[in-house]
$ cat upload23.txt   # compact mmCIF, N, CA and C atoms
# COMPACT_ATOMS: atom_id res chain seq x y z
N MET A 244 -88.72 -34.95 -178.84
CA MET A 244 -88.49 -34.26 -177.59
C MET A 244 -86.99 -34.01 -177.47
N LYS A 245 -86.65 -32.83 -177.07
CA LYS A 245 -85.26 -32.41 -176.94
C LYS A 245 -84.81 -32.55 -175.49
N ASP A 246 -83.59 -33.01 -175.29
CA ASP A 246 -82.99 -33.09 -173.96
C ASP A 246 -81.99 -31.95 -173.82
N LEU A 247 -82.21 -31.10 -172.83
CA LEU A 247 -81.34 -29.96 -172.59
C LEU A 247 -80.59 -30.15 -171.28
N LYS A 248 -79.33 -29.79 -171.28
CA LYS A 248 -78.49 -29.98 -170.09
C LYS A 248 -77.83 -28.65 -169.73
N TYR A 249 -77.89 -28.33 -168.44
CA TYR A 249 -77.32 -27.09 -167.93
C TYR A 249 -76.57 -27.37 -166.64
N CYS A 250 -75.73 -26.41 -166.26
CA CYS A 250 -74.99 -26.52 -165.00
C CYS A 250 -75.79 -25.85 -163.88
N ARG A 251 -75.59 -26.37 -162.68
CA ARG A 251 -76.21 -25.77 -161.50
C ARG A 251 -75.79 -24.30 -161.42
N GLY A 252 -76.75 -23.44 -161.14
CA GLY A 252 -76.48 -22.01 -161.04
C GLY A 252 -76.71 -21.23 -162.33
N ASP A 253 -76.88 -21.94 -163.45
CA ASP A 253 -77.14 -21.25 -164.72
C ASP A 253 -78.49 -20.55 -164.70
N ASP A 254 -78.61 -19.52 -165.51
CA ASP A 254 -79.88 -18.85 -165.79
C ASP A 254 -80.21 -19.15 -167.25
N VAL A 255 -81.48 -19.44 -167.53
CA VAL A 255 -81.87 -19.75 -168.91
C VAL A 255 -83.26 -19.18 -169.17
N THR A 256 -83.46 -18.68 -170.40
CA THR A 256 -84.75 -18.16 -170.82
C THR A 256 -85.17 -18.88 -172.10
N PHE A 257 -86.38 -19.38 -172.11
CA PHE A 257 -86.96 -20.03 -173.28
C PHE A 257 -88.02 -19.09 -173.84
N LYS A 258 -88.02 -18.90 -175.16
CA LYS A 258 -88.98 -17.98 -175.75
C LYS A 258 -89.30 -18.39 -177.18
N ILE A 259 -90.40 -17.87 -177.68
CA ILE A 259 -90.79 -18.09 -179.07
C ILE A 259 -89.85 -17.27 -179.93
N THR A 260 -89.20 -17.92 -180.90
CA THR A 260 -88.23 -17.22 -181.73
C THR A 260 -88.78 -16.89 -183.11
N ASP A 261 -89.97 -17.39 -183.45
CA ASP A 261 -90.57 -17.10 -184.74
C ASP A 261 -91.70 -16.09 -184.54
N PRO A 262 -91.46 -14.81 -184.87
CA PRO A 262 -92.48 -13.79 -184.61
C PRO A 262 -93.76 -13.99 -185.42
N THR A 263 -93.70 -14.71 -186.54
CA THR A 263 -94.91 -14.91 -187.34
C THR A 263 -95.93 -15.76 -186.62
N ILE A 264 -95.48 -16.64 -185.72
CA ILE A 264 -96.42 -17.45 -184.95
C ILE A 264 -97.25 -16.55 -184.05
N ILE A 265 -96.63 -15.60 -183.42
CA ILE A 265 -97.34 -14.70 -182.52
C ILE A 265 -98.28 -13.78 -183.29
N THR A 266 -97.88 -13.33 -184.47
CA THR A 266 -98.72 -12.38 -185.22
C THR A 266 -99.94 -13.05 -185.84
N LEU A 267 -100.07 -14.36 -185.75
CA LEU A 267 -101.26 -15.03 -186.27
C LEU A 267 -102.50 -14.67 -185.45
N SER A 268 -102.30 -14.17 -184.25
CA SER A 268 -103.42 -13.89 -183.35
C SER A 268 -103.15 -12.61 -182.58
N SER A 269 -104.23 -11.89 -182.28
CA SER A 269 -104.05 -10.67 -181.49
C SER A 269 -103.96 -10.97 -180.00
N SER A 270 -104.36 -12.17 -179.60
CA SER A 270 -104.31 -12.50 -178.17
C SER A 270 -103.87 -13.95 -177.95
N PRO A 271 -102.57 -14.22 -178.19
CA PRO A 271 -102.08 -15.59 -177.96
C PRO A 271 -102.13 -15.94 -176.47
N VAL A 272 -102.37 -17.21 -176.19
CA VAL A 272 -102.41 -17.70 -174.81
C VAL A 272 -101.25 -18.67 -174.63
N PHE A 273 -100.38 -18.37 -173.68
CA PHE A 273 -99.21 -19.19 -173.39
C PHE A 273 -99.45 -19.97 -172.10
N GLU A 274 -99.03 -21.23 -172.11
CA GLU A 274 -99.16 -22.05 -170.91
C GLU A 274 -97.93 -22.95 -170.79
N TRP A 275 -97.03 -22.56 -169.90
CA TRP A 275 -95.82 -23.34 -169.62
C TRP A 275 -96.12 -24.25 -168.44
N SER A 276 -95.85 -25.54 -168.57
CA SER A 276 -96.06 -26.44 -167.44
C SER A 276 -94.80 -27.23 -167.16
N PHE A 277 -94.71 -27.73 -165.94
CA PHE A 277 -93.53 -28.46 -165.46
C PHE A 277 -93.98 -29.76 -164.83
N ASP A 278 -93.29 -30.84 -165.18
CA ASP A 278 -93.57 -32.16 -164.62
C ASP A 278 -92.25 -32.74 -164.13
N ASN A 279 -92.12 -32.89 -162.82
CA ASN A 279 -90.88 -33.44 -162.26
C ASN A 279 -90.93 -34.95 -162.13
N GLY A 280 -92.03 -35.57 -162.56
CA GLY A 280 -92.16 -37.02 -162.51
C GLY A 280 -92.61 -37.54 -161.16
N ILE A 281 -92.75 -36.66 -160.18
CA ILE A 281 -93.16 -37.07 -158.83
C ILE A 281 -94.56 -36.55 -158.52
N THR A 282 -94.77 -35.28 -158.77
CA THR A 282 -96.08 -34.67 -158.51
C THR A 282 -96.80 -34.43 -159.84
N SER A 283 -98.04 -34.02 -159.78
CA SER A 283 -98.80 -33.73 -160.99
C SER A 283 -98.18 -32.55 -161.72
N PRO A 284 -98.25 -32.55 -163.07
CA PRO A 284 -97.75 -31.39 -163.82
C PRO A 284 -98.41 -30.10 -163.34
N THR A 285 -97.64 -29.03 -163.30
CA THR A 285 -98.09 -27.75 -162.78
C THR A 285 -97.85 -26.66 -163.81
N ILE A 286 -98.82 -25.76 -163.99
CA ILE A 286 -98.60 -24.59 -164.84
C ILE A 286 -97.72 -23.62 -164.06
N ILE A 287 -96.59 -23.24 -164.66
CA ILE A 287 -95.63 -22.40 -163.95
C ILE A 287 -95.52 -20.99 -164.53
N ALA A 288 -96.07 -20.78 -165.74
CA ALA A 288 -96.03 -19.44 -166.34
C ALA A 288 -97.07 -19.33 -167.44
N THR A 289 -97.53 -18.11 -167.65
CA THR A 289 -98.48 -17.84 -168.74
C THR A 289 -98.02 -16.64 -169.56
N THR A 290 -96.71 -16.48 -169.65
CA THR A 290 -96.11 -15.40 -170.42
C THR A 290 -95.48 -15.97 -171.68
N ASN A 291 -95.04 -15.09 -172.60
CA ASN A 291 -94.48 -15.58 -173.85
C ASN A 291 -93.10 -16.20 -173.70
N ASN A 292 -92.42 -15.98 -172.58
CA ASN A 292 -91.15 -16.68 -172.35
C ASN A 292 -91.10 -17.20 -170.92
N LEU A 293 -90.27 -18.21 -170.77
CA LEU A 293 -90.09 -18.86 -169.46
C LEU A 293 -88.66 -18.60 -169.02
N GLU A 294 -88.52 -17.98 -167.85
CA GLU A 294 -87.21 -17.66 -167.32
C GLU A 294 -86.96 -18.52 -166.08
N LEU A 295 -85.87 -19.28 -166.11
CA LEU A 295 -85.47 -20.11 -164.97
C LEU A 295 -84.12 -19.58 -164.48
N LEU A 296 -84.08 -19.15 -163.24
CA LEU A 296 -82.87 -18.54 -162.69
C LEU A 296 -82.23 -19.44 -161.65
N ASN A 297 -80.90 -19.41 -161.60
CA ASN A 297 -80.13 -20.14 -160.60
C ASN A 297 -80.58 -21.61 -160.53
N LEU A 298 -80.43 -22.31 -161.66
CA LEU A 298 -80.90 -23.69 -161.78
C LEU A 298 -80.33 -24.60 -160.69
N THR A 299 -81.16 -25.51 -160.22
CA THR A 299 -80.76 -26.56 -159.28
C THR A 299 -81.38 -27.87 -159.75
N SER A 300 -81.11 -28.94 -159.04
CA SER A 300 -81.67 -30.24 -159.42
C SER A 300 -83.19 -30.26 -159.31
N THR A 301 -83.78 -29.33 -158.55
CA THR A 301 -85.25 -29.28 -158.47
C THR A 301 -85.86 -28.83 -159.79
N ASN A 302 -85.05 -28.29 -160.71
CA ASN A 302 -85.54 -27.91 -162.04
C ASN A 302 -85.53 -29.08 -163.02
N ASN A 303 -84.98 -30.24 -162.61
CA ASN A 303 -84.96 -31.41 -163.49
C ASN A 303 -86.37 -31.86 -163.78
N GLY A 304 -86.67 -32.10 -165.05
CA GLY A 304 -88.00 -32.59 -165.40
C GLY A 304 -88.37 -32.26 -166.83
N THR A 305 -89.66 -32.40 -167.13
CA THR A 305 -90.19 -32.17 -168.46
C THR A 305 -90.99 -30.87 -168.47
N TYR A 306 -90.69 -30.04 -169.44
CA TYR A 306 -91.37 -28.75 -169.61
C TYR A 306 -92.19 -28.80 -170.89
N THR A 307 -93.38 -28.23 -170.83
CA THR A 307 -94.27 -28.20 -171.98
C THR A 307 -94.77 -26.78 -172.18
N LEU A 308 -94.80 -26.35 -173.44
CA LEU A 308 -95.40 -25.08 -173.79
C LEU A 308 -96.60 -25.37 -174.69
N LYS A 309 -97.76 -24.86 -174.30
CA LYS A 309 -98.94 -24.88 -175.16
C LYS A 309 -99.22 -23.44 -175.55
N LEU A 310 -99.25 -23.19 -176.84
CA LEU A 310 -99.54 -21.86 -177.36
C LEU A 310 -100.84 -21.95 -178.14
N LYS A 311 -101.85 -21.24 -177.67
CA LYS A 311 -103.16 -21.26 -178.31
C LYS A 311 -103.42 -19.93 -179.00
N LEU A 312 -103.82 -20.02 -180.27
CA LEU A 312 -104.07 -18.83 -181.08
C LEU A 312 -105.42 -18.96 -181.78
N THR A 313 -106.00 -17.84 -182.09
CA THR A 313 -107.16 -17.81 -182.96
C THR A 313 -106.76 -17.00 -184.18
N ASP A 314 -106.83 -17.65 -185.37
CA ASP A 314 -106.41 -16.94 -186.58
C ASP A 314 -107.47 -15.96 -187.04
N THR A 315 -107.19 -15.25 -188.12
CA THR A 315 -108.10 -14.20 -188.60
C THR A 315 -109.44 -14.76 -189.08
N CYS A 316 -109.51 -16.06 -189.32
CA CYS A 316 -110.77 -16.69 -189.73
C CYS A 316 -111.55 -17.23 -188.54
N GLY A 317 -111.00 -17.08 -187.32
CA GLY A 317 -111.67 -17.57 -186.14
C GLY A 317 -111.34 -19.01 -185.78
N ASN A 318 -110.38 -19.61 -186.47
CA ASN A 318 -109.98 -20.99 -186.19
C ASN A 318 -109.02 -21.04 -185.01
N LEU A 319 -109.26 -21.98 -184.11
CA LEU A 319 -108.36 -22.18 -182.97
C LEU A 319 -107.16 -23.02 -183.43
N ILE A 320 -105.97 -22.52 -183.17
CA ILE A 320 -104.72 -23.21 -183.52
C ILE A 320 -103.95 -23.42 -182.24
N GLU A 321 -103.40 -24.62 -182.06
CA GLU A 321 -102.60 -24.89 -180.87
C GLU A 321 -101.25 -25.44 -181.29
N PHE A 322 -100.19 -24.83 -180.78
CA PHE A 322 -98.83 -25.30 -180.97
C PHE A 322 -98.36 -25.89 -179.65
N ASN A 323 -97.59 -26.98 -179.73
CA ASN A 323 -97.07 -27.63 -178.52
C ASN A 323 -95.57 -27.86 -178.67
N ALA A 324 -94.86 -27.61 -177.61
CA ALA A 324 -93.42 -27.89 -177.56
C ALA A 324 -93.15 -28.59 -176.24
N ILE A 325 -92.21 -29.51 -176.26
CA ILE A 325 -91.88 -30.25 -175.05
C ILE A 325 -90.37 -30.52 -175.03
N PHE A 326 -89.79 -30.40 -173.84
CA PHE A 326 -88.36 -30.70 -173.70
C PHE A 326 -88.08 -31.16 -172.28
N ASN A 327 -87.02 -31.94 -172.16
CA ASN A 327 -86.53 -32.38 -170.85
C ASN A 327 -85.36 -31.50 -170.46
N LEU A 328 -85.28 -31.16 -169.20
CA LEU A 328 -84.19 -30.35 -168.70
C LEU A 328 -83.51 -31.11 -167.56
N GLU A 329 -82.19 -31.15 -167.61
CA GLU A 329 -81.42 -31.81 -166.55
C GLU A 329 -80.30 -30.88 -166.11
N VAL A 330 -80.16 -30.73 -164.81
CA VAL A 330 -79.16 -29.83 -164.23
C VAL A 330 -78.05 -30.67 -163.61
N PHE A 331 -76.81 -30.33 -163.95
CA PHE A 331 -75.65 -31.05 -163.45
C PHE A 331 -74.78 -30.13 -162.60
N GLU A 332 -74.01 -30.73 -161.73
CA GLU A 332 -72.98 -29.98 -161.02
C GLU A 332 -71.91 -29.57 -162.02
N ALA A 333 -71.40 -28.38 -161.89
CA ALA A 333 -70.33 -27.93 -162.77
C ALA A 333 -69.08 -28.78 -162.54
N ALA A 334 -68.34 -29.02 -163.61
CA ALA A 334 -67.11 -29.79 -163.50
C ALA A 334 -66.11 -29.03 -162.63
N ASN A 335 -65.36 -29.77 -161.85
CA ASN A 335 -64.38 -29.16 -160.96
C ASN A 335 -63.03 -29.80 -161.24
N ALA A 336 -62.21 -29.12 -162.00
CA ALA A 336 -60.89 -29.64 -162.35
C ALA A 336 -59.85 -29.10 -161.38
N THR A 337 -58.92 -29.94 -161.00
CA THR A 337 -57.82 -29.50 -160.15
C THR A 337 -56.51 -29.74 -160.88
N GLN A 338 -55.57 -28.88 -160.66
CA GLN A 338 -54.28 -29.00 -161.31
C GLN A 338 -53.47 -30.08 -160.61
N PRO A 339 -52.90 -31.02 -161.40
CA PRO A 339 -52.07 -32.06 -160.77
C PRO A 339 -50.74 -31.47 -160.28
N GLU A 340 -50.11 -32.20 -159.40
CA GLU A 340 -48.81 -31.76 -158.90
C GLU A 340 -47.78 -31.81 -160.02
N ASP A 341 -46.83 -30.87 -160.00
CA ASP A 341 -45.75 -30.87 -160.98
C ASP A 341 -44.89 -32.11 -160.80
N ILE A 342 -44.44 -32.66 -161.93
CA ILE A 342 -43.53 -33.81 -161.90
C ILE A 342 -42.17 -33.29 -162.34
N ILE A 343 -41.23 -33.39 -161.47
CA ILE A 343 -39.87 -32.94 -161.78
C ILE A 343 -39.05 -34.19 -162.03
N PHE A 344 -38.59 -34.31 -163.28
CA PHE A 344 -37.89 -35.51 -163.69
C PHE A 344 -36.76 -35.09 -164.62
N CYS A 345 -35.60 -35.56 -164.39
CA CYS A 345 -34.44 -35.15 -165.18
C CYS A 345 -34.02 -36.26 -166.13
N ASP A 346 -33.70 -35.85 -167.36
CA ASP A 346 -33.16 -36.78 -168.36
C ASP A 346 -31.64 -36.59 -168.31
N THR A 347 -31.00 -37.41 -167.49
CA THR A 347 -29.58 -37.21 -167.19
C THR A 347 -28.66 -37.46 -168.37
N ASP A 348 -29.05 -38.31 -169.35
CA ASP A 348 -28.16 -38.56 -170.49
C ASP A 348 -28.65 -37.90 -171.79
N ASN A 349 -29.69 -37.07 -171.70
CA ASN A 349 -30.22 -36.30 -172.85
C ASN A 349 -30.63 -37.16 -174.04
N ASP A 350 -31.10 -38.39 -173.78
CA ASP A 350 -31.58 -39.23 -174.89
C ASP A 350 -33.08 -39.13 -175.10
N GLY A 351 -33.78 -38.33 -174.29
CA GLY A 351 -35.23 -38.16 -174.40
C GLY A 351 -36.02 -39.19 -173.63
N PHE A 352 -35.33 -40.14 -173.00
CA PHE A 352 -36.02 -41.17 -172.22
C PHE A 352 -35.53 -41.10 -170.78
N CYS A 353 -36.44 -41.42 -169.88
CA CYS A 353 -36.07 -41.47 -168.48
C CYS A 353 -36.37 -42.86 -167.95
N LEU A 354 -35.47 -43.40 -167.22
CA LEU A 354 -35.66 -44.72 -166.62
C LEU A 354 -35.72 -44.65 -165.14
$ encode --input "upload23.txt" --output "structure tokens"
Amino acid sequence: MKDLKYCRGDDVTFKITDPTIITLSSSPVFEWSFDNGITSPTIIATTNNLELLNLTSTNNGTYTLKLKLTDTCGNLIEFNAIFNLEVFEAANATQPEDIIFCDTDNDGFCL
């Protein structure tokens, strides 16, 4: 299982990247589900890709893709993928105040 980390507000799309998997069947069935660990897992999409926009902490959880295919011989094939997604607040760096310090004797050290 892969752990994926994103910043709040990010947009992300998950999709099948191997076209040969899709061409094994003329009618693949996609089932994306989401489990936040609190409520029962829910099917959230039945398309070939899952698009999550403007991520927030409510997107934290486990995502599963079940891809069901029937090959040319009539055999049912099922592929499964699972990953955890965690959304973090973006880092907020601030510039420190300038330090003005003089090396009065030019020896490279300040006391």
$ atom_distance --input "upload23.txt" --atom1 "atom C of Thr256 (chain A)" --atom2 "atom N of Asp278 (chain A)"
16.0 Å
$ residues_around --input "upload23.txt" --residues "Lys258 (chain A)" --least-positions-apart "5" --cutoff "6 Å" --atoms "only N, CA and C atoms" --output "ChimeraX atom specification"
/A:291-293
$ atom_distance --input "upload23.txt" --atom1 "CA of Gly317 (chain A)" --atom2 "CA of Thr290 (chain A)"
22.2 Å
$ atom_distance --input "upload23.txt" --atom1 "atom C of Tyr306 (chain A)" --atom2 "atom C of Val330 (chain A)"
16.0 Å
$ closest_residue --input "upload23.txt" --among "A:Phe344, A:Phe326, A:Trp275, A:Tyr249" --to "Lys311 (chain A)" --atoms "only C-alpha atoms"
A:Trp275
$ select_by_dssp --input "upload23.txt" --residues "chain A" --states "alpha helix (DSSP H)" --output "PyMOL selection string"
chain A and resi 262-265
$ residues_around --input "upload23.txt" --residues "Ala288 (chain A)" --least-positions-apart "3" --cutoff "6 Å" --atoms "only N, CA and C atoms" --output "list of chain:residue names"
A:Phe273, A:Glu274, A:Trp275, A:Ser276
$ write_last_selection --input "upload23.txt" --atoms "N, CA and C atoms" --output "compact mmCIF listing (two decimals), in the frame of the given file"
# COMPACT_ATOMS: atom_id res chain seq x y z
N PHE A 273 -100.38 -18.37 -173.68
CA PHE A 273 -99.21 -19.19 -173.39
C PHE A 273 -99.45 -19.97 -172.10
N GLU A 274 -99.03 -21.23 -172.11
CA GLU A 274 -99.16 -22.05 -170.91
C GLU A 274 -97.93 -22.95 -170.79
N TRP A 275 -97.03 -22.56 -169.90
CA TRP A 275 -95.82 -23.34 -169.62
C TRP A 275 -96.12 -24.25 -168.44
N SER A 276 -95.85 -25.54 -168.57
CA SER A 276 -96.06 -26.44 -167.44
C SER A 276 -94.80 -27.23 -167.16
$ closest_residue --input "upload23.txt" --among "A:Ile320, A:Asn327, A:Thr266, A:Lys248" --to "Asn279 (chain A)" --atoms "only C-alpha atoms"
A:Asn327
$ residues_near_point --input "upload23.txt" --point "(-88.9, -25.2, -162.5)" --cutoff "8 Å" --atoms "only N, CA and C atoms" --output "PDB file with N, CA and C atoms, keeping the file's coordinate frame"
ATOM      1  N   SER A 276     -95.850 -25.540-168.570  1.00  0.00           N
ATOM      2  CA  SER A 276     -96.060 -26.440-167.440  1.00  0.00           C
ATOM      3  C   SER A 276     -94.800 -27.230-167.160  1.00  0.00           C
ATOM      4  N   PHE A 277     -94.710 -27.730-165.940  1.00  0.00           N
ATOM      5  CA  PHE A 277     -93.530 -28.460-165.460  1.00  0.00           C
ATOM      6  C   PHE A 277     -93.980 -29.760-164.830  1.00  0.00           C
ATOM      7  N   ASP A 278     -93.290 -30.840-165.180  1.00  0.00           N
ATOM      8  CA  ASP A 278     -93.570 -32.160-164.620  1.00  0.00           C
ATOM      9  C   ASP A 278     -92.250 -32.740-164.130  1.00  0.00           C
ATOM     10  N   ILE A 287     -96.590 -23.240-164.660  1.00  0.00           N
ATOM     11  CA  ILE A 287     -95.630 -22.400-163.950  1.00  0.00           C
ATOM     12  C   ILE A 287     -95.520 -20.990-164.530  1.00  0.00           C
ATOM     13  N   GLU A 294     -88.520 -17.980-167.850  1.00  0.00           N
ATOM     14  CA  GLU A 294     -87.210 -17.660-167.320  1.00  0.00           C
ATOM     15  C   GLU A 294     -86.960 -18.520-166.080  1.00  0.00           C
ATOM     16  N   LEU A 295     -85.870 -19.280-166.110  1.00  0.00           N
ATOM     17  CA  LEU A 295     -85.470 -20.110-164.970  1.00  0.00           C
ATOM     18  C   LEU A 295     -84.120 -19.580-164.480  1.00  0.00           C
ATOM     19  N   LEU A 296     -84.080 -19.150-163.240  1.00  0.00           N
ATOM     20  CA  LEU A 296     -82.870 -18.540-162.690  1.00  0.00           C
ATOM     21  C   LEU A 296     -82.230 -19.440-161.650  1.00  0.00           C
ATOM     22  N   THR A 301     -83.780 -29.330-158.550  1.00  0.00           N
ATOM     23  CA  THR A 301     -85.250 -29.280-158.470  1.00  0.00           C
ATOM     24  C   THR A 301     -85.860 -28.830-159.790  1.00  0.00           C
ATOM     25  N   ASN A 302     -85.050 -28.290-160.710  1.00  0.00           N
ATOM     26  CA  ASN A 302     -85.540 -27.910-162.040  1.00  0.00           C
ATOM     27  C   ASN A 302     -85.530 -29.080-163.020  1.00  0.00           C
ATOM     28  N   ASN A 303     -84.980 -30.240-162.610  1.00  0.00           N
ATOM     29  CA  ASN A 303     -84.960 -31.410-163.490  1.00  0.00           C
ATOM     30  C   ASN A 303     -86.370 -31.860-163.780  1.00  0.00           C
ATOM     31  N   GLY A 304     -86.670 -32.100-165.050  1.00  0.00           N
ATOM     32  CA  GLY A 304     -88.000 -32.590-165.400  1.00  0.00           C
ATOM     33  C   GLY A 304     -88.370 -32.260-166.830  1.00  0.00           C
TER      34      GLY A 304
END
$ closest_atom_pairs --input "upload23.txt" --of "region 308-345 of chain A" --to "region 261-265 of chain A" --cutoff "12 Å" --atoms "only C-alpha atoms" --output "CSV"
residue,atom,partner,partner_atom,distance
A:Leu310,CA,A:Ile265,CA,9.1
A:Lys311,CA,A:Ile265,CA,9.7
A:Leu312,CA,A:Ile265,CA,8.0
A:Thr313,CA,A:Ile265,CA,10.3
A:Asp314,CA,A:Ile264,CA,10.1
A:Ile320,CA,A:Ile264,CA,10.2
A:Glu321,CA,A:Ile264,CA,10.5
A:Phe322,CA,A:Ile264,CA,9.1
$ select_by_dssp --input "upload23.txt" --residues "chain A" --states "strand (DSSP E)" --output "PyMOL selection string"
chain A and resi 245-250+255-258+272-278+285-288+292-295+304-313+319-331
$ closest_residue --input "upload23.txt" --among "A:Ala324, A:Val272, A:Ala336, A:Leu247" --to "Leu308 (chain A)" --atoms "only C-alpha atoms"
A:Ala324
